Structures are given as C-alpha cells and as structure tokens.
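*Asks:* Just so it is clear, I am handing over run-v9.cif, which has mmCIF, C-alpha atoms and all ligand atoms.
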```cif
data_run
#
loop_
_atom_site.label_atom_id
_atom_site.label_comp_id
_atom_site.auth_asym_id
_atom_site.auth_seq_id
_atom_site.Cartn_x
_atom_site.Cartn_y
_atom_site.Cartn_z
CA MET A 337 78.55 78.40 121.18
CA PRO A 338 81.36 75.88 120.52
CA THR A 339 84.74 76.78 122.00
CA PRO A 340 87.75 77.69 119.85
CA SER A 341 89.48 74.56 121.21
CA SER A 342 87.01 72.49 119.17
CA LEU A 343 88.39 74.06 115.99
CA GLN A 344 90.98 72.37 113.83
CA ILE A 345 93.73 74.58 112.41
CA ARG A 346 95.27 73.19 109.22
CA GLN A 347 96.86 74.25 105.97
CA ALA A 348 94.30 74.78 103.20
CA SER A 349 94.29 73.07 99.83
CA ALA A 350 92.45 73.97 96.64
CA ARG A 351 89.54 71.85 97.93
CA ASP A 352 88.89 74.60 100.52
CA ALA A 353 88.16 77.22 97.86
CA ALA A 354 84.39 77.36 98.50
CA GLY A 355 84.77 77.71 102.29
CA ILE A 356 87.39 80.44 102.03
CA ALA A 357 85.40 82.30 99.37
CA ALA A 358 82.32 82.19 101.64
CA VAL A 359 84.22 83.79 104.55
CA MET A 360 85.61 86.47 102.25
CA GLU A 361 82.16 87.18 100.81
CA LEU A 362 80.93 88.00 104.30
CA ILE A 363 83.93 90.21 105.11
CA VAL A 364 83.47 92.10 101.85
CA ALA A 365 79.74 92.55 102.57
CA GLU A 366 80.62 94.21 105.90
CA ARG A 367 82.57 96.85 103.87
CA ILE A 368 84.56 98.22 106.83
CA HIS A 369 87.44 95.83 107.50
CA SER A 370 89.50 95.41 104.39
CA ALA A 371 90.67 97.06 101.20
CA VAL A 372 89.26 94.00 99.44
CA ASP A 373 85.91 95.27 98.20
CA ARG A 374 85.00 92.45 95.84
CA ALA A 375 85.08 88.80 96.84
CA TRP A 376 86.62 86.25 94.49
CA THR A 377 84.45 83.58 92.96
CA ILE A 378 85.06 80.00 94.07
CA ASP A 379 86.80 79.39 90.77
CA GLN A 380 89.16 82.36 91.25
CA GLU A 381 89.89 81.23 94.82
CA HIS A 382 90.55 77.69 93.57
CA ARG A 383 93.06 78.93 90.99
CA TYR A 384 94.78 81.12 93.59
CA LEU A 385 95.11 78.22 96.05
CA ALA A 386 96.35 75.83 93.36
CA ALA A 387 99.01 78.36 92.29
CA LEU A 388 100.49 79.06 95.74
CA SER A 389 104.23 78.45 95.89
CA PRO A 390 105.65 76.04 98.50
CA ARG A 391 106.58 79.12 100.62
CA GLU A 392 103.00 80.44 100.66
CA ALA A 393 99.99 79.10 102.54
CA ILE A 394 96.54 79.72 103.84
CA HIS A 395 95.76 78.23 107.23
CA VAL A 396 92.10 77.63 107.97
CA ALA A 397 90.12 77.22 111.19
CA VAL A 398 87.54 74.46 110.72
CA ASP A 399 84.62 73.65 113.03
CA VAL A 400 83.49 70.15 113.99
CA ALA A 401 81.04 70.09 111.08
CA GLY A 402 83.90 70.78 108.66
CA HIS A 403 82.98 74.41 107.94
CA ILE A 404 85.71 77.01 107.56
CA VAL A 405 85.14 79.79 110.12
CA GLY A 406 88.22 81.83 109.31
CA PHE A 407 91.60 81.84 107.68
CA GLN A 408 95.01 83.49 107.65
CA SER A 409 97.02 83.91 104.46
CA LEU A 410 100.77 84.16 104.01
CA ASP A 411 101.98 85.30 100.60
CA LEU A 412 105.31 86.52 99.33
CA TRP A 413 105.41 90.32 99.53
CA SER A 414 106.84 90.30 96.02
CA PRO A 415 106.50 87.21 93.86
CA VAL A 416 109.10 88.62 91.41
CA LEU A 417 111.87 90.27 93.47
CA THR A 418 114.38 87.80 94.92
CA SER A 419 115.77 90.70 96.99
CA MET A 420 112.48 90.58 98.94
CA ALA A 421 112.16 86.80 99.14
CA HIS A 422 112.57 87.08 102.92
CA VAL A 423 109.43 89.25 103.26
CA GLY A 424 105.93 87.83 103.58
CA GLN A 425 102.49 89.40 103.68
CA VAL A 426 99.74 88.30 106.08
CA GLY A 427 95.95 88.68 106.11
CA THR A 428 93.41 87.34 108.64
CA PHE A 429 89.65 87.00 108.24
CA LEU A 430 87.11 85.40 110.57
CA LEU A 431 83.33 85.05 110.53
CA PRO A 432 81.79 87.59 112.96
CA GLU A 433 80.64 85.03 115.55
CA TRP A 434 84.19 83.69 115.92
CA ARG A 435 85.94 87.01 116.52
CA ARG A 436 87.68 87.92 119.80
CA ARG A 437 87.73 84.29 120.93
CA GLY A 438 91.38 83.50 120.31
CA VAL A 439 90.97 82.00 116.83
CA GLY A 440 93.14 84.63 115.15
CA HIS A 441 95.85 83.87 117.68
CA GLN A 442 95.55 80.12 116.98
CA LEU A 443 95.90 80.77 113.25
CA TRP A 444 98.95 82.95 113.93
CA GLN A 445 100.71 80.10 115.74
CA ALA A 446 100.38 77.98 112.57
CA THR A 447 101.36 80.84 110.25
CA GLU A 448 104.36 81.87 112.32
CA ALA A 449 105.67 78.28 112.44
CA PHE A 450 105.16 77.94 108.67
CA ALA A 451 106.93 81.28 108.05
CA CYS A 452 109.93 80.22 110.17
CA ASN A 453 110.23 76.92 108.27
CA ALA A 454 109.93 78.77 104.96
CA GLU A 455 112.81 81.04 106.02
CA TYR A 456 110.99 84.36 106.00
CA ARG A 457 112.71 87.03 108.07
CA LYS A 458 109.90 89.56 108.29
CA LEU A 459 106.17 89.72 107.77
CA LEU A 460 104.14 92.75 106.77
CA ILE A 461 100.51 93.63 106.90
CA GLN A 462 98.49 96.51 105.50
CA VAL A 463 95.47 97.41 107.65
CA ARG A 464 92.87 100.07 107.01
CA ALA A 465 93.47 103.00 109.38
CA SER A 466 89.86 102.83 110.56
CA ASN A 467 90.24 99.15 111.50
CA LEU A 468 91.47 99.67 115.05
CA ALA A 469 90.48 96.14 116.13
CA ALA A 470 92.77 94.54 113.53
CA GLN A 471 95.61 96.92 114.47
CA ALA A 472 95.18 95.92 118.13
CA PHE A 473 95.18 92.26 117.11
CA TYR A 474 98.42 92.52 115.10
CA ARG A 475 100.06 94.69 117.78
CA ARG A 476 99.26 91.96 120.30
CA LEU A 477 101.00 89.43 118.03
CA GLY A 478 104.13 91.61 118.05
CA PHE A 479 103.70 93.64 114.85
CA LYS A 480 104.86 97.27 115.01
CA GLU A 481 103.49 100.17 113.01
CA CYS A 482 106.07 101.27 110.43
CA GLY A 483 104.29 103.52 107.96
CA ARG A 484 101.14 104.83 106.43
CA PHE A 485 99.73 105.08 102.91
CA SER A 486 97.45 108.14 102.80
CA LEU A 487 94.20 108.03 100.84
CA GLN A 488 95.03 104.46 99.81
CA VAL A 489 91.53 102.95 99.93
CA ILE A 490 88.17 104.23 98.73
CA VAL A 491 85.24 101.90 99.42
CA ASP A 492 81.73 103.09 98.57
CA GLY A 493 83.09 106.62 98.25
CA ILE A 494 84.62 106.57 101.74
CA ALA A 495 88.36 107.22 101.83
CA ASP A 496 90.73 105.52 104.24
CA ASP A 497 94.46 105.35 104.84
CA GLU A 498 96.33 102.10 105.23
CA ILE A 499 98.68 101.42 108.13
CA LEU A 500 101.75 99.29 107.51
CA MET A 501 102.86 96.99 110.30
CA GLU A 502 105.90 94.71 110.36
CA PHE A 503 107.00 91.73 112.39
CA PHE A 504 110.55 90.33 112.56
CA LEU A 505 110.83 86.57 112.89
CA PRO A 506 113.47 85.18 115.25
CA ASP A 507 116.78 84.28 113.51
C1 LIG A 601 90.99 91.13 113.40
C2 LIG A 601 90.77 89.62 113.60
C3 LIG A 601 91.52 88.85 112.53
C4 LIG A 601 91.35 89.24 115.00
O1 LIG A 601 91.17 87.86 115.24
P1 LIG A 601 90.47 87.40 116.60
O2 LIG A 601 90.38 85.93 116.63
O3 LIG A 601 89.21 88.17 116.74
O4 LIG A 601 91.52 87.90 117.68
P2 LIG A 601 91.91 87.11 119.02
O5 LIG A 601 90.67 86.73 119.76
O6 LIG A 601 92.88 86.03 118.71
O7 LIG A 601 92.63 88.29 119.82
C5 LIG A 601 93.97 88.26 120.24
C6 LIG A 601 94.28 89.61 120.87
O8 LIG A 601 94.22 90.64 119.86
C7 LIG A 601 93.63 91.83 120.43
N1 LIG A 601 92.30 92.08 119.81
C8 LIG A 601 91.63 91.25 118.97
N2 LIG A 601 90.46 91.83 118.60
C9 LIG A 601 90.39 93.00 119.23
C10 LIG A 601 89.42 94.05 119.28
N3 LIG A 601 88.27 93.96 118.58
N4 LIG A 601 89.67 95.15 120.03
C11 LIG A 601 90.82 95.25 120.74
N5 LIG A 601 91.79 94.27 120.76
C12 LIG A 601 91.57 93.18 120.01
C13 LIG A 601 93.47 91.55 121.92
O9 LIG A 601 94.68 91.92 122.56
C14 LIG A 601 93.29 90.05 121.93
O10 LIG A 601 93.63 89.44 123.15
P3 LIG A 601 92.54 89.41 124.35
O11 LIG A 601 91.23 88.97 123.77
O12 LIG A 601 93.15 88.42 125.31
O13 LIG A 601 92.47 90.81 124.88
C15 LIG A 601 89.24 89.23 113.55
O14 LIG A 601 88.57 89.91 114.56
C16 LIG A 601 88.59 89.50 112.22
O15 LIG A 601 88.55 88.64 111.35
N6 LIG A 601 88.07 90.74 112.04
C17 LIG A 601 87.36 91.08 110.79
C18 LIG A 601 88.26 91.05 109.57
C19 LIG A 601 89.48 91.94 109.73
O16 LIG A 601 89.39 93.07 110.20
N7 LIG A 601 90.62 91.40 109.30
C20 LIG A 601 91.88 92.12 109.29
C21 LIG A 601 92.06 92.75 107.96
S1 LIG A 601 93.71 93.37 107.82
#
```
For the structure just supplied, provide its representation as structure tokens.
*Replies:*
Amino acid sequence: MPTPSSLQIRQASARDAAGIAAVMELIVAERIHSAVDRAWTIDQEHRYLAALSPREAIHVAVDVAGHIVGFQSLDLWSPVLTSMAHVGQVGTFLLPEWRRRGVGHQLWQATEAFACNAEYRKLLIQVRASNLAAQAFYRRLGFKECGRFSLQVIVDGIADDEILMEFFLPD
C-alpha cells in the first residue's frame, strides 16, 4: 500500500469534478457516514466547483497515478448573510483504503491555512451522531461539540441526530 507521504495535497479545480464525484459516490453507497444520501453527477459537481467563491475551496489528496483518494471542502456557512461571513463549514471524505492513515490530517493542514488566509474566524461541521470515527477525527483536530440537531437525518428509514462541532481559528 502506498504511504500517505506519496500523496499530493492541492486545491481542486473544476477539472477534478469526476474524481471528487467518484469518492462521494462510494461514501454515499456506504450509507452510514454522511447526511448526503445521493451523490452528485459529474456535471453537478463541475458546476459546484466552478461556482465556488474565492473564499471557498476543496482540497484533494491525489495519488501518484493522479487519482483523487479523498477531499476536504470548505464552504461559507451562509452564502447570503454577511453577519456570518466569518464562519465556514467543513466536510471530509476519503476512500475506505485511505482512512486512518493521516490523510484527513494532511487535508486539514491545507484547509486550515486556506481558512486563515481567507479570514474565517470559526469553522463548523455537522456530523451524524452515529459517526463516532468522524467525531473523534474532528475532536483530534481541535473541534469541540457545541450542539445537537435531533432526528435530523433519515437514511433508508434509519433516523440519526447530527452533532455540531466548532473550531476557532487563531486571531
Ligand atoms: C473521518 C475521516 C475523514 C478521518 O480521516 P482520516 O484520514 O481517516 O483520519 P486521520 O488518519 O488523519 O486521523 C487523525 C486522528 O483522528 C482520530 N481518528 C481518525 N479516525 C478515527 C477512528 N476511526 N476512530 C477513532 N479515532 C479516529 C485519531 O485521533 C487520529 O489520530 P491517530 O491515528 O494518530 O490516533 C475518514 O476516516 C473518512 O473519510 N471517513 C468516512 C467518511 C466520513 O465519515 N466523513 C465525515 C463526514 S462528516
């Protein structure tokens, strides 16, 4: 198995739509990790990437063959409220064989640096309550639990809460 150090971490462009959509298709097929229960088509992903504002980004982890093995997104929490322009929203998704090998942490280093440059002051995530691995991951990055949406997600008839976690960037 190649090591995570062989991966390149870089900001995605619209040309990465197919690779990102493929990762998301796998995550959605697993059914247990995310509230996202339908993957976007490549075309939808392409339009989303092309429409990102300069303060939003996806960072991708790319193997030596050029395949995307995971990504981390940073979006504005609210694209309309200037009162919340300092708040971003994060999501992280890796192919199964690349999990628990430090790739999420590598992506975070790129996202955190980008978020500092883009003058965010806090980042939020929503994680399914049943997804204890992701909560442990974000806790390790410094996120703290700050709330809960009850009965927020129903996937295949199975209900789940969502945990809110927040992270304050250094001034
Ligand atoms: C959750 C996810 C993004 C974490 O990324 P990762 O690359 O696997 O995490 P890392 O290897 O960088 O782990 C960093 C630290 O987070 C914690 N952590 C990560 N995965 C964990 C797990 N399964 N159980 C417990 N702690 C975990 C550990 O403290 C770990 O450090 P350590 O390995 O030195 O103990 C990744 O596993 C994933 O894509 N999972 C499926 C999709 C998903 O659940 N996404 C989140 C939706 S909100």
*Asks:* Measuring atom to atom with all atoms listed in the file, identify which of A:Leu343, A:Ala401, A:Ile356, A:Val426 is nearest to ligand LIG 601 (chain A).
*Replies:* A:Val426
*Asks:* When you look at segment 444-456 of chain A with a cut-off of 10 Å (counting all atoms listed in the file), what residues show up, excluding the ones that are within fewer than 2 positions of it in the same chain? I need them as a CSV table (one decimal) with C-alpha atoms, in the frame of the given file.
*Replies:*
```csv
chain,number,residue,atom,x,y,z
A,345,ILE,CA,93.7,74.6,112.4
A,346,ARG,CA,95.3,73.2,109.2
A,347,GLN,CA,96.9,74.2,106.0
A,390,PRO,CA,105.6,76.0,98.5
A,391,ARG,CA,106.6,79.1,100.6
A,392,GLU,CA,103.0,80.4,100.7
A,393,ALA,CA,100.0,79.1,102.5
A,394,ILE,CA,96.5,79.7,103.8
A,395,HIS,CA,95.8,78.2,107.2
A,396,VAL,CA,92.1,77.6,108.0
A,407,PHE,CA,91.6,81.8,107.7
A,408,GLN,CA,95.0,83.5,107.6
A,409,SER,CA,97.0,83.9,104.5
A,410,LEU,CA,100.8,84.2,104.0
A,411,ASP,CA,102.0,85.3,100.6
A,412,LEU,CA,105.3,86.5,99.3
A,420,MET,CA,112.5,90.6,98.9
A,421,ALA,CA,112.2,86.8,99.1
A,422,HIS,CA,112.6,87.1,102.9
A,423,VAL,CA,109.4,89.2,103.3
A,424,GLY,CA,105.9,87.8,103.6
A,426,VAL,CA,99.7,88.3,106.1
A,428,THR,CA,93.4,87.3,108.6
A,438,GLY,CA,91.4,83.5,120.3
A,439,VAL,CA,91.0,82.0,116.8
A,440,GLY,CA,93.1,84.6,115.2
A,441,HIS,CA,95.8,83.9,117.7
A,442,GLN,CA,95.6,80.1,117.0
A,458,LYS,CA,109.9,89.6,108.3
A,459,LEU,CA,106.2,89.7,107.8
A,474,TYR,CA,98.4,92.5,115.1
A,477,LEU,CA,101.0,89.4,118.0
A,504,PHE,CA,110.6,90.3,112.6
A,505,LEU,CA,110.8,86.6,112.9
A,506,PRO,CA,113.5,85.2,115.2
A,507,ASP,CA,116.8,84.3,113.5
```
*Asks:* Using all atoms listed in the file, determine which residues fall within 8 Å of ligand LIG 601 (chain A), then list them as JSON, numbers by chain.
*Replies:* {"A": [363, 368, 369, 370, 406, 427, 428, 429, 430, 431, 432, 434, 435, 436, 437, 438, 439, 440, 441, 442, 461, 462, 463, 464, 467, 468, 469, 470, 471, 472, 473, 474, 475, 476, 477]}
*Asks:* So that I have them on file, write out the residues from the current selection with C-alpha atoms, as a PDB file, in the coordinates of the input.
*Replies:*
```
ATOM      1  CA  ILE A 363      83.930  90.210 105.110  1.00  0.00           C
ATOM      2  CA  ILE A 368      84.560  98.220 106.830  1.00  0.00           C
ATOM      3  CA  HIS A 369      87.440  95.830 107.500  1.00  0.00           C
ATOM      4  CA  SER A 370      89.500  95.410 104.390  1.00  0.00           C
ATOM      5  CA  GLY A 406      88.220  81.830 109.310  1.00  0.00           C
ATOM      6  CA  GLY A 427      95.950  88.680 106.110  1.00  0.00           C
ATOM      7  CA  THR A 428      93.410  87.340 108.640  1.00  0.00           C
ATOM      8  CA  PHE A 429      89.650  87.000 108.240  1.00  0.00           C
ATOM      9  CA  LEU A 430      87.110  85.400 110.570  1.00  0.00           C
ATOM     10  CA  LEU A 431      83.330  85.050 110.530  1.00  0.00           C
ATOM     11  CA  PRO A 432      81.790  87.590 112.960  1.00  0.00           C
ATOM     12  CA  TRP A 434      84.190  83.690 115.920  1.00  0.00           C
ATOM     13  CA  ARG A 435      85.940  87.010 116.520  1.00  0.00           C
ATOM     14  CA  ARG A 436      87.680  87.920 119.800  1.00  0.00           C
ATOM     15  CA  ARG A 437      87.730  84.290 120.930  1.00  0.00           C
ATOM     16  CA  GLY A 438      91.380  83.500 120.310  1.00  0.00           C
ATOM     17  CA  VAL A 439      90.970  82.000 116.830  1.00  0.00           C
ATOM     18  CA  GLY A 440      93.140  84.630 115.150  1.00  0.00           C
ATOM     19  CA  HIS A 441      95.850  83.870 117.680  1.00  0.00           C
ATOM     20  CA  GLN A 442      95.550  80.120 116.980  1.00  0.00           C
ATOM     21  CA  ILE A 461     100.510  93.630 106.900  1.00  0.00           C
ATOM     22  CA  GLN A 462      98.490  96.510 105.500  1.00  0.00           C
ATOM     23  CA  VAL A 463      95.470  97.410 107.650  1.00  0.00           C
ATOM     24  CA  ARG A 464      92.870 100.070 107.010  1.00  0.00           C
ATOM     25  CA  ASN A 467      90.240  99.150 111.500  1.00  0.00           C
ATOM     26  CA  LEU A 468      91.470  99.670 115.050  1.00  0.00           C
ATOM     27  CA  ALA A 469      90.480  96.140 116.130  1.00  0.00           C
ATOM     28  CA  ALA A 470      92.770  94.540 113.530  1.00  0.00           C
ATOM     29  CA  GLN A 471      95.610  96.920 114.470  1.00  0.00           C
ATOM     30  CA  ALA A 472      95.180  95.920 118.130  1.00  0.00           C
ATOM     31  CA  PHE A 473      95.180  92.260 117.110  1.00  0.00           C
ATOM     32  CA  TYR A 474      98.420  92.520 115.100  1.00  0.00           C
ATOM     33  CA  ARG A 475     100.060  94.690 117.780  1.00  0.00           C
ATOM     34  CA  ARG A 476      99.260  91.960 120.300  1.00  0.00           C
ATOM     35  CA  LEU A 477     101.000  89.430 118.030  1.00  0.00           C
TER      36      LEU A 477
END
```
*Asks:* Kindly indicate which residue among A:Ser419, A:Asp496, A:Glu366, A:Thr339 lies nearest to Ser466 of chain A, using all atoms listed in the file for the distances.
*Replies:*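 For Ser466 of chain A, the nearest of the given residues is A:Asp496.
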*Asks:* If we count all atoms listed in the file and set the cut-off at 12 Å, which residues sit around Ala365 of chain A, ignoring sequence neighbours fewer than 3 positions away in its own chain? Please answer as a ChimeraX atom specification.
*Replies:* /A:358-362,368-375,431-432,491-492
